[in-house]
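Below you'll find the structure, written out as structure tokens, and then a few comments.
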Amino acid sequence: MNERVLITGGCAGIGAAIAQQCRQRGWETVVLDKAVGADVQADLSDAAATEAALRQALAGGPITRLVNNVGLVHPKPLEQQTVEEFDQVLSVNLRCALQCMQAVLPGMRQAGFGRVVNISSRAALGKELRTAYAASKAGLLGMTRVWALELGAAGITVNAIGPGPIRTALFDRANPVDSPRTQAIIAGVPVKRLGEPEDVAAAADFFLGAASGFVTGQVLYVCGGMTVGVAAV
């Protein structure tokens, strides 16, 4: 079996931690990112650029593991959220995931094996100032469930992770450290700390492993307990 994994947005934060975990597993890890240092550099907000990047990634052989991690957030009140920002967020957070899934699917079907992890967010349950972001991350959960139903018989599992507040550059940009709102977030975490990218990578490692074949269509919130009493049982 070809042990290749594709990770979008894998040059920093959660994506970088997952990429490191995959390399430790011995898997050939292909990172798609606009940042310098990516295995395949591309602007994933652009559909044509994403298609070209996927062709380049697949030139090295089939990919049987996929982590749809790349994300974009424009934190604004409803009245200030522009249509352009909304479209951009959905393009990066949803359309890119669809393109990646469609691109790697033939190889997974041929292998009779696939592992897909979609990085959603606790914001999918609702969060102020996140109209576009929450919509996109909730949409990713919907696609997770549909793909799990459609692809399970082919040996392909599809699961999602919903990180809570994780200490990344993206989190810091959207949640200024001196903001009372940010301090309230930290105070509201039952384990009394922010998460680290490695916390999410550990969860992804389980879903990506061969031993997780009887788990599909699920959402695992890595949130320090913040979803207790919020997410459905």
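Ordering of the structure tokens sets the chain letters (A, B, ...); residue numbers start at 1 within each chain; ligands are numbered from 1 in the order shown.
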
- [ ] Write out as a PyMOL selection string the residues lying within 10 Å of range 83-88 of chain A, counting only C-alpha atoms and excluding same-chain residues fewer than 3 positions away.
- [x] chain A and resi 45-46+72-76+80+91-95+131-133+135-136

Open item on the list: Going by DSSP on the backbone, which residues of range 100-155 of chain A come out as strand (DSSP E)? List them as a PyMOL selection string.
Closed with: chain A and resi 114-119

Task: Spatial neighbours of range 194-211 of chain A, max dist 7 Å, only C-alpha atoms, sep filter under 4 positions, as JSON, numbers by chain - done: {"A": [13, 14, 17, 18, 21, 65, 115, 116, 117, 159, 163, 165, 166, 167, 186, 222]}

Give me a file of those residues, with C-alpha atoms, as a short mmCIF file (atom, residue, chain, number, x, y, z; two decimals), in the first residue's frame.
```cif
data_model
loop_
_atom_site.label_atom_id
_atom_site.label_comp_id
_atom_site.auth_asym_id
_atom_site.auth_seq_id
_atom_site.Cartn_x
_atom_site.Cartn_y
_atom_site.Cartn_z
CA GLY A 13 0.21 25.63 13.41
CA ILE A 14 -2.03 22.59 13.51
CA ALA A 17 2.09 19.50 13.88
CA ILE A 18 0.06 16.92 11.94
CA GLN A 21 3.33 13.39 13.31
CA ARG A 65 -4.51 9.72 3.45
CA ARG A 115 -8.26 7.86 5.68
CA VAL A 116 -9.64 11.41 5.56
CA VAL A 117 -9.52 13.92 8.39
CA ASN A 159 -13.84 11.89 10.24
CA PRO A 163 -10.41 22.14 17.72
CA PRO A 165 -8.86 27.42 21.28
CA ILE A 166 -5.46 26.25 20.04
CA ARG A 167 -2.33 28.37 20.41
CA ILE A 186 -9.12 30.99 28.26
CA VAL A 222 -10.27 18.73 20.93
#
```

Open item on the list: Could you check the closest approach to Ile119 in chain A for each of A:Leu220, A:Val31, A:Ile185, A:Cys100 and tell me which residue wins, using only C-alpha atoms?
Closed with: A:Leu220

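Distance annotation: of A:Gln183, A:Asn69, A:Gln110, A:Asn175, the residue with the minimal separation from Ala154 in chain A is A:Gln110; atom set is only C-alpha atoms.
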
Task: Option closest in space to Met108 in chain A, from A:Gly152, A:Ser121, A:Arg181, A:Glu79 [counting only C-alpha atoms] - done: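 Among the listed residues, the smallest separation from Met108 in chain A belongs to A:Gly152.
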
Task: For Gly9 in chain A, the nearest of the candidates A:Ala97, A:Ala47, A:Trp27, A:Ala187, counting only C-alpha atoms - done: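 Once distances to Gly9 in chain A are computed over only C-alpha atoms, the minimum belongs to A:Ala97.
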
Open item on the list: What parts of range 19-172 of chain A does DSSP call alpha helix (DSSP H)? I'd like the answer as a ChimeraX atom specification.
Closed with: /A:19-25,47-58,83-90,96-111,131-151,169-172

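The two atoms in question, CA of Pro106 in chain A and CA of Leu151 in chain A, are spaced 11.4 Å apart.
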
- [ ] To one decimal in Å, tell me the separation between CA of Val67 in chain A and CA of Gly224 in chain A.
- [x] 21.8 Å

Task: Selected residue of minimal separation from Gly225 in chain A among A:Ala57, A:Val191, A:Ala153, A:Leu129, counting only C-alpha atoms - done: A:Val191
